[in-house]
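Peer 1: Okay, here's the structure, questions in a sec.
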Amino acid sequence: MSEQRHVPVMLQRCLDLLAPALTKPGAVVVDCTLGLGGHSEALLQQFPEARLVALDRDKEALRLSGERLAPFGERATLVHAVYDELPDVLDRLGIPKVQGVLFDLGVSSMQLDEADRGFAYAQDAPLDMRMDQTTGMSAAEVLNTYPAGELVRILRAYGEEKQAKRIVSAIVRERDKEPFTNSARLVELIRDALPQAAKRTGGNPAKRTFQALRIEVNGELSVLERAIPAAVKALAVGGRCVVLSYHSLEDRLVKQVFAEGAANTAPPGLPVVPEQYQPRLKLLTRGAELPTEEEIAENRRAAPARCRAAQRIREDLS
């Protein structure tokens with residue numbers, strides 16, 4: 001394993017944002033996206049009184065992280081789960097409220113580096129892209145079976161791909177001749193389908209299509225839509241939630257949930273705002289924070305990261 005894949009994105013900033021909530025004995029912090037355990041390991045080292053619950057849907061990631069976090073013994077509980085299952089996980093563990101929640105929504109470095117997973121457009125691999133390879137449809141099945149209109153919708157909505165129609169026409173034409181199985185053929189088809197001008201902007205022309213397929217295969221946005229509100233609900237008063245996202249769709253979703261929580265919902269004109277209308281959250285970042293130039297130079301995968309954080313400031317009043 002190369003050291004490169006062990007560099008967690010915006011690590012110090014995440015630790016600093018969570019720190020005020022994790023110094024008391026018995027504090028519980030949830031790493032919703034364990035991956036290779038870089039953030040989790042740092043949390044356990046920096047907050048010796050804290051207990052960690054870490055989730056991942058990828059069994060291989062859990063196995064490797066389990067080895068890495070073994071020295072922390074009972075302080076670390078690793079669970080095979082998707083992060084929108086957070087309420088069930090905490091319920092099973094008998095944890096009513098937590099002091100910290102961290103999401104790192106990037107594809108795990110391991111998934112990008114393992115050639116046979118099909119996440120990366122830079123190398124040929126089977127078109128799989130499932131984070132949990134024991135369940136669901138692969139990217140190849142999506143490409144080979146979805147109606148053209150649905151593929152166009154996915155590429156536009158999840159990949160923000162302006163040339164979606166052109167790319168999908170080429171996909172439909174080619175899959176009728178022979179179903180898609182590998183990434184190289186898809187990358188080549190996208191290159192050929194795009195007009196010259198579109199090839200000159202924004203890195204590898206296949207990037208947006210691969211992103212869109214990955215989000216569709218793993219149901220990432222619908223999972224996130226459920227997961228962020230669930231994380232906010234799980235926070236004790238004073239607890240903090242930190243989210244690293246990597247494209248505008250995710251960041252927009254996080255921004256909305258945090259903004260709603262931080263808003264005063266009272267009808268206009270009330271002389272005194274009753275408690276049930278007062279904000280539940282306080283925003284800890286001004287907009288989305290970006291990684292430093294030094295960090296991007298050290299770890300190119302940090303480049304698109306956006307960090308937002310919020311603190312729970314009062315209970316929900318039912």
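Quick note on naming: the chains in the structure tokens go A, B, ... in the order shown, residues restart at 1 in each chain, and ligands are numbered from 1 in order of appearance.
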Set the distance at 6 Å and use only C-alpha atoms: which residues neighbour A:Leu244 once local chain neighbours fewer than 2 positions away are removed? I'd like the list as a list of chain:residue names.
Peer 2: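 That gives A:Asp104, A:Leu105, A:Arg306, A:Cys307.
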Peer 1: Could you write out that same residue set with N, CA, C and O atoms as a PDB file, in the first residue's frame?
Peer 2:
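Produced file out33.pdb, reproduced below:
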```pdb
ATOM      1  N   ASP A 104     -16.848  11.978   5.298  1.00  0.00           N
ATOM      2  CA  ASP A 104     -15.912  12.300   4.211  1.00  0.00           C
ATOM      3  C   ASP A 104     -16.480  11.620   2.981  1.00  0.00           C
ATOM      4  O   ASP A 104     -16.350  10.416   2.809  1.00  0.00           O
ATOM      5  N   LEU A 105     -17.157  12.400   2.133  1.00  0.00           N
ATOM      6  CA  LEU A 105     -17.976  11.809   1.075  1.00  0.00           C
ATOM      7  C   LEU A 105     -17.201  11.444  -0.181  1.00  0.00           C
ATOM      8  O   LEU A 105     -17.780  11.005  -1.163  1.00  0.00           O
ATOM      9  N   ARG A 306     -14.806  20.350  -0.093  1.00  0.00           N
ATOM     10  CA  ARG A 306     -15.506  21.478   0.526  1.00  0.00           C
ATOM     11  C   ARG A 306     -15.900  21.036   1.926  1.00  0.00           C
ATOM     12  O   ARG A 306     -16.515  19.986   2.084  1.00  0.00           O
ATOM     13  N   CYS A 307     -15.577  21.848   2.929  1.00  0.00           N
ATOM     14  CA  CYS A 307     -15.849  21.459   4.321  1.00  0.00           C
ATOM     15  C   CYS A 307     -16.895  22.383   4.930  1.00  0.00           C
ATOM     16  O   CYS A 307     -16.762  23.599   4.859  1.00  0.00           O
TER      17      CYS A 307
END
```
Peer 1: Among the residues of stretch 86-299 of chain A, find those DSSP assigns to strand (DSSP E or B) from the backbone and print them as a list of chain:residue names.
Peer 2: A:Val98, A:Gln99, A:Gly100, A:Val101, A:Leu102, A:Phe103, A:Asp104, A:Pro126, A:Asn182, A:Leu235, A:Ala236, A:Val237, A:Gly238, A:Gly239, A:Arg240, A:Cys241, A:Val242, A:Val243, A:Leu244, A:Ser245, A:Leu281, A:Lys282, A:Leu283, A:Glu289
Peer 1: Restrict the selected residues to C-alpha atoms and save them as a tab-separated table (two decimals), in the first residue's frame.
Peer 2:
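Printed below is out.tsv as written:
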```
chain	number	residue	atom	x	y	z
A	98	VAL	CA	-23.38	11.51	20.16
A	99	GLN	CA	-20.95	14.41	20.51
A	100	GLY	CA	-19.43	14.35	17.03
A	101	VAL	CA	-20.22	13.12	13.50
A	102	LEU	CA	-17.81	13.18	10.55
A	103	PHE	CA	-18.63	12.50	6.89
A	104	ASP	CA	-15.91	12.30	4.21
A	126	PRO	CA	-14.64	-4.06	-14.98
A	182	ASN	CA	-15.03	-2.53	-19.01
A	235	LEU	CA	-26.18	15.11	18.07
A	236	ALA	CA	-26.38	16.02	21.75
A	237	VAL	CA	-26.57	19.73	22.53
A	238	GLY	CA	-23.01	21.05	22.01
A	239	GLY	CA	-22.31	18.20	19.55
A	240	ARG	CA	-20.74	18.96	16.18
A	241	CYS	CA	-21.16	17.60	12.64
A	242	VAL	CA	-18.41	18.04	10.00
A	243	VAL	CA	-18.96	17.15	6.34
A	244	LEU	CA	-16.38	16.97	3.54
A	245	SER	CA	-18.03	16.87	0.13
A	281	LEU	CA	-27.85	24.64	14.78
A	282	LYS	CA	-25.07	27.18	14.74
A	283	LEU	CA	-22.91	27.24	11.59
A	289	GLU	CA	-14.05	26.00	3.56
```
Peer 1: Ranking A:Ala227, A:Leu194, A:Leu249, A:Met131 by minimum distance to A:Ala157 and counting only C-alpha atoms, which one comes first?
Peer 2: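 Closest to A:Ala157 of all the choices is A:Leu249.
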Peer 1: Rounded to one decimal, what separation in Å do you get between atom CA of A:Ile215 and atom CA of A:Gly159?
Peer 2: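 Here the two named atoms are 8.7 Å from each other.
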Peer 1: Apply DSSP to the backbone of this structure and, from stretch 80-292 of chain A, keep only the residues in alpha helix (DSSP H); write these as a VMD selection string.
Peer 2: chain A and resid 86 to 93 109 to 113 139 to 145 148 to 159 164 to 177 183 to 193 196 to 199 207 to 218 220 to 234 248 to 261
Peer 1: Using only C-alpha atoms, can you tell me which of A:Gly37, A:Pro25, A:Gly66, A:Pro304 comes closest to A:Glu250?
Peer 2: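 Once distances to A:Glu250 are computed over only C-alpha atoms, the minimum belongs to A:Pro304.
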Peer 1: Which of these residues is nearest to A:Pro229, using only C-alpha atoms: A:Arg314, A:Lys165, A:Arg191, A:Arg280?
Peer 2: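 The shortest atom-to-atom distance to A:Pro229 comes from A:Arg280.
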Peer 1: I'd like the contact shell of A:Lys162 - 12 Å cut-off, only C-alpha atoms, skipping same-chain residues fewer than 2 positions apart - returned as a list of chain:residue names.
Peer 2: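 Near neighbours after the sequence-gap exclusion: A:Val152, A:Arg153, A:Ile154, A:Leu155, A:Arg156, A:Ala157, A:Tyr158, A:Gly159, A:Glu160, A:Ala164, A:Lys165, A:Arg166, A:Ile167, A:Val168, A:Leu194, A:Pro195, A:Ala198, A:Lys199, A:Thr201, A:Pro205, A:Arg208, A:Thr209.
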Peer 1: Residues within 9 Å of A:Thr134, please, as a list in words. Count only C-alpha atoms; anything in the same chain fewer than 2 positions from it doesn't count.
Peer 2: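 Selected residues are Asp58, Lys59, Arg130, Met131, Asp132 and Gly136 of chain A.
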Peer 1: Expressed in Å to a single decimal, how great is the separation between atom CA of A:Ala212 and atom CA of A:Gly287?
Peer 2: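 These two atoms are separated by 24.9 Å.
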Peer 1: For A:Val53, find every residue with an atom within 7 Å (counting only C-alpha atoms), except residues of its own chain fewer than 5 positions away, and show them as a list in words.
Peer 2: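 Returned residues: Val29, Val30, Asp31, Ala76, Thr77 and Leu78 of chain A.
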